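Pasting input_12.csv here (CSV, C-alpha atoms):
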```
chain,number,residue,atom,x,y,z
A,1,MET,CA,102.3,195.5,11.1
A,2,LYS,CA,99.5,193.7,13.0
A,3,ARG,CA,98.2,194.9,16.4
A,4,GLY,CA,96.0,193.7,19.2
A,5,LYS,CA,94.9,195.2,22.5
A,6,ALA,CA,93.0,193.7,25.4
A,7,PHE,CA,92.2,194.1,29.1
A,8,ALA,CA,91.9,191.6,31.9
A,9,PRO,CA,90.7,192.6,35.4
A,10,GLY,CA,92.8,192.0,38.5
A,11,HIS,CA,91.4,189.5,40.9
A,12,ILE,CA,91.5,188.8,44.7
A,13,THR,CA,90.9,185.3,46.0
A,14,GLY,CA,89.6,185.1,49.5
A,15,LEU,CA,89.5,181.3,50.0
A,16,PHE,CA,90.3,178.3,47.8
A,17,GLN,CA,91.2,174.6,47.5
A,18,ILE,CA,94.0,173.3,45.4
A,19,CYS,CA,92.9,170.9,42.6
A,20,ASP,CA,96.1,170.1,40.6
A,21,GLU,CA,96.0,166.3,40.5
A,22,ALA,CA,94.8,166.1,36.9
A,23,VAL,CA,97.3,165.0,34.3
A,24,ASP,CA,96.0,167.6,31.8
A,25,ASP,CA,96.9,171.2,32.6
A,26,LEU,CA,93.5,172.3,31.3
A,27,HIS,CA,91.8,170.4,34.1
A,28,LYS,CA,94.2,171.5,36.8
A,29,GLY,CA,93.2,174.5,38.9
A,30,SER,CA,91.4,175.4,42.0
A,31,LYS,CA,88.0,175.7,43.6
A,32,GLY,CA,87.5,179.0,45.4
A,33,ALA,CA,85.8,182.4,45.8
A,34,GLY,CA,86.9,185.9,45.0
A,35,PHE,CA,86.1,188.9,42.9
A,36,ALA,CA,87.5,190.8,39.8
A,37,LEU,CA,88.6,194.4,40.0
A,38,LYS,CA,88.0,197.3,37.7
A,39,HIS,CA,91.8,197.8,37.8
A,40,GLY,CA,93.9,195.2,36.0
A,41,VAL,CA,96.2,194.8,33.1
A,42,THR,CA,95.9,196.3,29.6
A,43,THR,CA,98.1,194.6,27.0
A,44,GLU,CA,99.1,195.9,23.6
A,45,ILE,CA,100.9,193.7,21.0
A,46,SER,CA,102.5,194.5,17.7
A,47,LEU,CA,103.7,191.9,15.2
A,48,GLU,CA,106.0,192.6,12.2
A,49,GLU,CA,107.3,190.2,9.7
A,50,THR,CA,111.1,189.8,9.9
A,51,SER,CA,113.9,187.4,9.1
A,52,LYS,CA,114.2,186.0,12.7
A,53,THR,CA,111.7,185.8,15.4
A,54,SER,CA,112.3,188.2,18.4
A,55,LEU,CA,110.4,189.0,21.5
A,56,GLU,CA,110.4,192.2,23.5
A,57,ILE,CA,108.3,192.5,26.7
A,58,LYS,CA,107.7,195.7,28.7
A,59,LEU,CA,105.8,196.3,31.9
A,60,ASN,CA,104.8,199.9,32.5
A,61,GLY,CA,107.5,201.0,30.1
A,62,LYS,CA,110.3,198.9,31.6
A,63,HIS,CA,111.9,196.0,29.7
A,64,GLN,CA,111.3,192.6,31.3
A,65,GLU,CA,113.9,189.9,31.1
A,66,SER,CA,112.1,187.1,33.0
A,67,ALA,CA,108.3,187.6,32.4
A,68,ARG,CA,107.9,183.8,32.4
A,69,VAL,CA,104.1,183.7,32.0
A,70,SER,CA,104.0,186.2,29.2
A,71,LYS,CA,106.8,184.3,27.4
A,72,ALA,CA,104.9,181.0,27.9
A,73,VAL,CA,101.8,182.5,26.2
A,74,ALA,CA,103.9,184.0,23.4
A,75,VAL,CA,105.8,180.7,22.7
A,76,ASN,CA,102.4,178.9,22.5
A,77,PHE,CA,101.1,181.3,19.8
A,78,LEU,CA,104.4,181.6,17.9
A,79,HIS,CA,104.9,177.9,17.8
A,80,ASN,CA,102.4,177.5,15.0
A,81,THR,CA,103.4,180.6,12.9
A,82,GLU,CA,105.4,179.9,9.8
A,83,GLN,CA,106.6,183.5,9.2
A,84,PRO,CA,109.3,184.8,11.7
A,85,LEU,CA,107.9,187.8,13.6
A,86,ALA,CA,109.3,190.6,15.6
A,87,VAL,CA,106.9,190.7,18.6
A,88,LYS,CA,106.6,193.6,20.9
A,89,ILE,CA,104.4,193.2,24.1
A,90,GLU,CA,103.5,196.1,26.4
A,91,HIS,CA,101.7,195.4,29.7
A,92,PHE,CA,100.2,198.4,31.4
A,93,VAL,CA,99.5,197.3,35.0
A,94,ASP,CA,97.6,199.4,37.5
A,95,ILE,CA,97.4,196.8,40.3
A,96,PRO,CA,100.2,195.7,42.7
A,97,VAL,CA,102.4,193.0,41.3
A,98,GLY,CA,103.2,189.9,43.5
A,99,ALA,CA,100.7,190.9,46.2
A,100,GLY,CA,97.7,188.7,45.5
A,101,PHE,CA,95.9,190.8,42.9
A,102,GLY,CA,96.1,188.4,40.0
A,103,SER,CA,98.6,190.4,37.9
A,104,SER,CA,100.3,187.4,36.3
A,105,GLY,CA,96.9,185.9,35.3
A,106,ALA,CA,95.6,189.2,34.0
A,107,GLY,CA,98.8,189.7,32.0
A,108,ALA,CA,98.6,186.2,30.5
A,109,LEU,CA,94.8,186.5,29.7
A,110,SER,CA,95.0,190.0,28.1
A,111,LEU,CA,98.0,188.9,26.1
A,112,SER,CA,96.2,185.8,24.8
A,113,TYR,CA,93.3,187.9,23.7
A,114,ALA,CA,95.6,190.4,22.0
A,115,PHE,CA,97.6,187.7,20.3
A,116,CYS,CA,94.5,186.2,18.8
A,117,LYS,CA,93.4,189.6,17.5
A,118,ALA,CA,96.8,190.4,16.0
A,119,LEU,CA,97.2,187.0,14.3
A,120,GLU,CA,93.6,187.0,13.3
A,121,LEU,CA,93.2,183.4,14.6
A,122,PRO,CA,89.9,181.6,14.5
A,123,LEU,CA,89.9,181.0,18.2
A,124,THR,CA,87.0,181.8,20.6
A,125,GLN,CA,87.8,184.0,23.6
A,126,THR,CA,87.3,180.9,25.7
A,127,GLN,CA,90.0,179.0,23.7
A,128,ALA,CA,92.3,182.0,24.0
A,129,ALA,CA,91.7,182.1,27.8
A,130,GLN,CA,92.7,178.4,27.9
A,131,VAL,CA,96.2,179.3,26.6
A,132,ALA,CA,96.6,181.8,29.4
A,133,HIS,CA,95.4,179.2,32.0
A,134,VAL,CA,97.9,176.6,30.9
A,135,ALA,CA,100.7,179.2,30.9
A,136,GLU,CA,99.9,180.1,34.5
A,137,ILE,CA,99.8,176.4,35.6
A,138,GLN,CA,103.1,175.6,33.9
A,139,SER,CA,104.7,178.7,35.4
A,140,GLY,CA,103.5,178.0,38.9
A,141,THR,CA,102.1,181.5,39.4
A,142,GLY,CA,98.4,180.6,39.8
A,143,LEU,CA,95.7,178.0,39.6
A,144,GLY,CA,92.2,179.5,39.2
A,145,THR,CA,93.0,183.1,38.6
A,146,VAL,CA,92.5,183.0,34.8
A,147,LEU,CA,89.1,181.3,35.1
A,148,ALA,CA,88.0,184.0,37.6
A,149,GLU,CA,89.3,186.9,35.6
A,150,TRP,CA,87.7,185.5,32.4
A,151,ALA,CA,84.3,185.3,34.2
A,152,GLY,CA,84.4,188.6,36.3
A,153,GLY,CA,82.2,189.6,39.2
A,154,LEU,CA,82.1,188.1,42.7
A,155,GLU,CA,82.3,184.4,42.0
A,156,ILE,CA,82.6,180.9,43.5
A,157,ARG,CA,84.6,178.5,41.4
A,158,THR,CA,82.8,175.3,41.9
A,159,LYS,CA,84.8,173.1,39.4
A,160,PRO,CA,88.5,173.4,38.7
A,161,GLY,CA,90.0,173.9,35.3
A,162,ALA,CA,90.5,176.4,32.5
A,163,PRO,CA,87.6,178.5,31.1
A,164,GLY,CA,85.3,176.2,29.2
A,165,ILE,CA,86.2,173.4,31.6
A,166,GLY,CA,85.9,174.8,35.1
A,167,SER,CA,82.6,176.1,36.4
A,168,VAL,CA,81.8,179.5,38.1
A,169,GLN,CA,78.8,180.5,40.1
A,170,GLN,CA,78.1,184.2,40.3
A,171,VAL,CA,77.2,185.8,43.7
A,172,PRO,CA,74.7,188.6,43.2
A,173,LEU,CA,75.4,191.9,44.8
A,174,GLU,CA,72.6,194.2,45.8
A,175,LYS,CA,74.8,197.4,46.2
A,176,ASP,CA,77.7,199.0,44.4
A,177,TYR,CA,80.4,198.1,46.9
A,178,ILE,CA,83.8,199.7,47.0
A,179,VAL,CA,86.9,197.5,47.0
A,180,VAL,CA,89.6,198.9,49.4
A,181,CYS,CA,93.0,197.3,49.7
A,182,ILE,CA,96.4,198.1,51.3
A,183,THR,CA,99.6,196.4,50.1
A,184,LEU,CA,102.2,195.6,52.7
A,185,GLY,CA,104.6,193.5,50.6
A,186,THR,CA,104.9,190.4,48.4
A,187,ILE,CA,104.6,186.7,48.8
A,188,ASP,CA,106.1,184.0,46.5
A,189,THR,CA,103.1,182.0,45.2
A,190,ARG,CA,105.3,179.2,43.9
A,191,SER,CA,106.9,178.6,47.3
A,192,ILE,CA,103.6,178.4,49.0
A,193,LEU,CA,102.0,176.0,46.5
A,194,SER,CA,105.0,173.6,46.8
A,195,ASN,CA,104.9,173.4,50.6
A,196,ARG,CA,103.1,170.3,51.7
A,197,GLU,CA,102.0,171.4,55.1
A,198,THR,CA,100.6,174.7,53.8
A,199,ARG,CA,98.8,172.9,51.0
A,200,ASP,CA,97.2,170.6,53.5
A,201,ARG,CA,95.9,173.5,55.6
A,202,ILE,CA,94.6,175.2,52.5
A,203,ASN,CA,92.7,172.2,51.3
A,204,ILE,CA,91.2,171.2,54.6
A,205,SER,CA,90.0,174.7,55.4
A,206,GLY,CA,89.1,175.6,51.8
A,207,ASN,CA,87.0,172.5,51.2
A,208,HIS,CA,85.1,173.0,54.5
A,209,LEU,CA,84.4,176.8,54.1
A,210,LEU,CA,83.5,176.5,50.4
A,211,ARG,CA,80.8,174.0,51.1
A,212,ILE,CA,79.3,176.3,53.7
A,213,LEU,CA,79.6,179.3,51.4
A,214,LEU,CA,77.7,177.5,48.7
A,215,LYS,CA,74.8,177.1,51.1
A,216,LYS,CA,74.6,180.9,51.7
A,217,PRO,CA,76.4,182.6,48.9
A,218,ASN,CA,76.4,186.3,49.8
A,219,LEU,CA,79.0,189.0,50.3
A,220,ARG,CA,79.1,188.9,54.1
A,221,SER,CA,79.6,185.1,54.2
A,222,PHE,CA,82.4,185.5,51.6
A,223,LEU,CA,84.2,188.1,53.8
A,224,GLU,CA,83.7,186.2,57.0
A,225,PHE,CA,84.9,182.9,55.6
A,226,SER,CA,87.8,184.6,53.8
A,227,GLN,CA,89.0,185.9,57.1
A,228,GLU,CA,88.6,182.6,58.8
A,229,PHE,CA,90.5,180.9,56.0
A,230,ALA,CA,93.3,183.4,56.1
A,231,ARG,CA,93.7,182.9,59.9
A,232,LYS,CA,93.6,179.1,59.6
A,233,VAL,CA,96.1,178.8,56.7
A,234,GLY,CA,98.6,180.8,58.9
A,235,LEU,CA,100.1,183.1,56.3
A,236,CYS,CA,99.0,186.3,57.8
A,237,SER,CA,101.8,188.6,59.1
A,238,ARG,CA,101.6,190.2,62.5
A,239,THR,CA,100.6,193.5,60.7
A,240,VAL,CA,97.9,191.9,58.7
A,241,LEU,CA,96.4,190.3,61.8
A,242,GLU,CA,96.5,193.6,63.6
A,243,ILE,CA,94.7,195.4,60.8
A,244,LEU,CA,92.0,192.6,60.7
A,245,ASP,CA,91.4,193.1,64.4
A,246,LYS,CA,91.3,196.9,64.3
A,247,ALA,CA,88.8,196.8,61.3
A,248,SER,CA,86.6,194.3,63.2
A,249,GLU,CA,86.5,196.7,66.1
A,250,ARG,CA,84.9,199.2,63.7
A,251,GLY,CA,82.4,196.6,62.3
A,252,ILE,CA,84.3,196.1,59.1
A,253,ILE,CA,85.3,192.6,57.9
A,254,CYS,CA,88.6,192.4,56.2
A,255,SER,CA,90.8,189.6,55.0
A,256,MET,CA,94.1,188.8,53.2
A,257,PRO,CA,94.3,188.2,49.4
A,258,MET,CA,95.6,184.8,48.4
A,259,PHE,CA,98.6,185.1,48.1
A,260,GLY,CA,99.7,188.6,49.1
A,261,ASN,CA,101.0,190.4,52.1
A,262,ALA,CA,98.0,192.8,51.9
A,263,VAL,CA,94.5,193.4,53.4
A,264,PHE,CA,91.2,193.9,51.5
A,265,SER,CA,87.6,194.5,52.1
A,266,LEU,CA,84.4,195.3,50.2
A,267,VAL,CA,82.6,198.2,51.9
A,268,GLU,CA,79.7,200.6,51.6
A,269,GLU,CA,80.3,204.3,51.3
A,270,TYR,CA,79.9,205.1,55.0
A,271,GLN,CA,82.6,202.5,55.9
A,272,LEU,CA,85.2,203.9,53.5
A,273,ASP,CA,86.7,206.7,55.6
A,274,PRO,CA,86.9,204.6,58.8
A,275,LEU,CA,88.8,201.8,56.9
A,276,LEU,CA,91.1,204.3,55.2
A,277,GLU,CA,91.9,205.8,58.6
A,278,ILE,CA,93.0,202.4,59.8
A,279,PHE,CA,95.0,201.7,56.7
A,280,SER,CA,96.7,205.1,57.0
A,281,ARG,CA,98.5,203.9,60.2
A,282,TYR,CA,100.3,201.2,58.2
A,283,GLY,CA,101.5,202.8,54.9
A,284,GLU,CA,101.6,205.6,52.5
A,285,ASP,CA,98.7,206.5,50.2
A,286,GLU,CA,100.3,204.9,47.2
A,287,ARG,CA,99.9,201.5,49.0
A,288,VAL,CA,96.2,201.9,49.1
A,289,LEU,CA,94.0,200.8,46.1
A,290,ILE,CA,90.4,201.8,45.8
A,291,SER,CA,88.4,200.1,43.0
A,292,LYS,CA,85.1,198.6,42.1
A,293,ILE,CA,84.1,195.1,41.1
A,294,ASP,CA,84.5,194.3,37.4
A,295,CYS,CA,81.5,192.2,36.2
A,296,LYS,CA,82.5,192.0,32.5
A,297,GLY,CA,85.6,189.9,32.7
A,298,ALA,CA,88.5,190.0,30.2
A,299,ARG,CA,87.8,191.7,26.8
A,300,LEU,CA,89.3,193.0,23.6
A,301,LEU,CA,89.7,196.7,23.3
```

Encoded form using C-alpha cells:
Amino acid sequence: MKRGKAFAPGHITGLFQICDEAVDDLHKGSKGAGFALKHGVTTEISLEETSKTSLEIKLNGKHQESARVSKAVAVNFLHNTEQPLAVKIEHFVDIPVGAGFGSSGAGALSLSYAFCKALELPLTQTQAAQVAHVAEIQSGTGLGTVLAEWAGGLEIRTKPGAPGIGSVQQVPLEKDYIVVCITLGTIDTRSILSNRETRDRINISGNHLLRILLKKPNLRSFLEFSQEFARKVGLCSRTVLEILDKASERGIICSMPMFGNAVFSLVEEYQLDPLLEIFSRYGEDERVLISKIDCKGARLL
C-alpha cells in the first residue's frame, strides 16, 4: 500500500476581480488580495492495487458522495495509471466549509500533493498545485484560492492563473496579528460567479480597489478596502453589516470573506477581547475561529 499526506492552509479573500476569459483553465483565475490561515485541510491518501478502481472519500470521518473537487483531482491522477487502484481519501478539515475560508481549494491542493507523494510522480509541487487549480475552476468552486493557498501569507494576486502562471506579491507584516472570524452561514459560490450583475459589481469595485491597494500595500489598507468592497458588491447580510458597524465603533476594521456569510478581521492582542465580545452577541463560541497567518503555504507532511 502506498500513502501520501499533505496540508494546505485555509484562505480568506477580502477583495478580488474575476479573470475567467482565458480559454485554458490554467490561465483562468482572479486578481485579488487575502491571507492564508494556520487552520486548513490535512489530507491523507492510501492506494492499494486491486482488480477494479474504486474511490472512497471521507471528510472528518464521514463518507462524502458528492465531493466534486476531490473527485476531479482524483480522476486527473488516476487517468494515467495503468494498474487499477483502491483509493481512500481522508480530509481532516478544521475551517468552516462553504463559508469563504477556502476549504474546497485547500482540499484539492492538499490532495494533489498527497497523490503525487503516494504515486511517486515526477511532478514539482507547482505542477501538482496546477492540477488542484484546474479542478476548482472546472467545479466552479473557486478562482484564485489555490494560487493563494500555494503561496501563503498576506498576498495580492497581481496576475490571474494557476501556480506557476499567476503572480503573487507578498505584503509584509510588522506584527504577529491574530485572525478572528465568526461564521453566520454559507453562500453558494457557483451561483454568485454565474450572476452577471454581481460579476459586474465585483469587477468594477475589485479592479479599482486593487489598483489603489498596490500603491500602498499594507494591512490597514487591505482591511479598509476589503470592507469597502464587501459593501459595494452588496452580498453582506443585515447581520454582517451590523457587526461591521459595531466593530468600527470600537476602532476595529472588519470585513466579509469572499464568499461567506461571515465576518473577519486581523487584530492585535489588545483588540481581541473587544472583538470577541461583539461576536458573542451573534453566535455560539463554536462559530468563532481564532487563528494566525500561515506564511508557508501548502506542504507535504

Neighbouring residues of A:Ser205 were defined as those with any atom within 9 Å, considering only C-alpha atoms; residues of the same chain fewer than 3 positions away were excluded. Please report them as a PDB file with C-alpha atoms, keeping the file's coordinate frame.
```
ATOM      1  CA  LEU A  15      89.500 181.300  50.000  1.00  0.00           C
ATOM      2  CA  PHE A  16      90.300 178.300  47.800  1.00  0.00           C
ATOM      3  CA  GLN A  17      91.200 174.600  47.500  1.00  0.00           C
ATOM      4  CA  ASP A 200      97.200 170.600  53.500  1.00  0.00           C
ATOM      5  CA  ARG A 201      95.900 173.500  55.600  1.00  0.00           C
ATOM      6  CA  ILE A 202      94.600 175.200  52.500  1.00  0.00           C
ATOM      7  CA  HIS A 208      85.100 173.000  54.500  1.00  0.00           C
ATOM      8  CA  LEU A 209      84.400 176.800  54.100  1.00  0.00           C
ATOM      9  CA  LEU A 210      83.500 176.500  50.400  1.00  0.00           C
ATOM     10  CA  GLU A 228      88.600 182.600  58.800  1.00  0.00           C
ATOM     11  CA  PHE A 229      90.500 180.900  56.000  1.00  0.00           C
ATOM     12  CA  LYS A 232      93.600 179.100  59.600  1.00  0.00           C
ATOM     13  CA  VAL A 233      96.100 178.800  56.700  1.00  0.00           C
TER      14      VAL A 233
END
```

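Take atom CA of A:Asn60 and atom CA of A:Arg190: the distance between them is 23.6 Å.
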
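The two atoms in question, atom CA of A:Asn218 and atom CA of A:Asn203, are spaced 21.6 Å apart.
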
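Near A:Leu85, within a cut-off of 9 Å and counting all atoms listed in the file, sit the residues Leu47, Glu48, Glu49, Thr50, Ser51, Lys52, Thr53, Ser54, Leu55 and Leu78 of chain A, with same-chain residues fewer than 5 positions away left out.
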
**Residues near A:Arg231, cut-off 9 Å, all atoms listed in the file, skip fewer than 5 positions along chain, as JSON, numbers by chain** = {"A": [226, 236, 241, 255, 256]}

**Item:** Nearby residues (all atoms listed in the file) at most 6 Å from stretch 94-101 of chain A, same-chain spacing under 5 positions excluded, as a ChimeraX atom specification
**Value:** /A:10-12,40,186,257-261

6 Å contact set for stretch 133-142 of chain A, only C-alpha atoms, chain neighbours under 2 positions out, as a compact mmCIF listing (two decimals) with C-alpha atoms, in the coordinates of the input:
```
# COMPACT_ATOMS: atom_id res chain seq x y z
CA ASP A 25 96.90 171.20 32.60
CA VAL A 69 104.10 183.70 32.00
CA ALA A 72 104.90 181.00 27.90
CA VAL A 73 101.80 182.50 26.20
CA GLN A 130 92.70 178.40 27.90
CA VAL A 131 96.20 179.30 26.60
CA VAL A 146 92.50 183.00 34.80
CA ALA A 162 90.50 176.40 32.50
CA THR A 189 103.10 182.00 45.20
CA ARG A 190 105.30 179.20 43.90
```

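Nearest-residue note for A:Cys181: choosing from A:Cys19, A:Ala6, A:Glu286, A:Leu59, the minimum distance belongs to A:Glu286, counting all atoms listed in the file.
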
Contacts between stretch 265-281 of chain A and stretch 123-179 of chain A, please, where a residue of stretch 123-179 of chain A counts if it comes within 9 Å (with all atoms listed in the file); show its shortest atom pair and distance in Å to one decimal, rows by chain and ascending number, as a tab-separated table.
```
residue	atom	partner	partner_atom	distance
A:Lys175	CA	A:Glu268	CA	8.0
A:Asp176	CA	A:Glu268	CA	7.6
A:Tyr177	CA	A:Glu268	CA	5.4
A:Ile178	CA	A:Val267	CA	5.3
A:Val179	CA	A:Leu266	CA	4.6
```

Residues just named, written with C-alpha atoms as an mmCIF file, in the frame of the given file:
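As a result, again.cif now contains:
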```
data_model
loop_
_atom_site.group_PDB
_atom_site.id
_atom_site.type_symbol
_atom_site.label_atom_id
_atom_site.label_comp_id
_atom_site.auth_asym_id
_atom_site.auth_seq_id
_atom_site.Cartn_x
_atom_site.Cartn_y
_atom_site.Cartn_z
ATOM 1 C CA LYS A 175 74.800 197.400 46.200
ATOM 2 C CA ASP A 176 77.700 199.000 44.400
ATOM 3 C CA TYR A 177 80.400 198.100 46.900
ATOM 4 C CA ILE A 178 83.800 199.700 47.000
ATOM 5 C CA VAL A 179 86.900 197.500 47.000
#
```

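One finds atom CA of A:Ala118 at 16.7 Å from atom CA of A:Ala8.
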
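Counting only C-alpha atoms, the residue from A:Lys62, A:Arg157, A:His27, A:Lys246 that sits nearest to A:Glu90 is A:Lys62.
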
**Item:** Distance criterion (all atoms listed in the file): nearest to A:Ala114 out of A:Arg199, A:Lys216, A:Lys28, A:Lys5
**Value:** A:Lys5
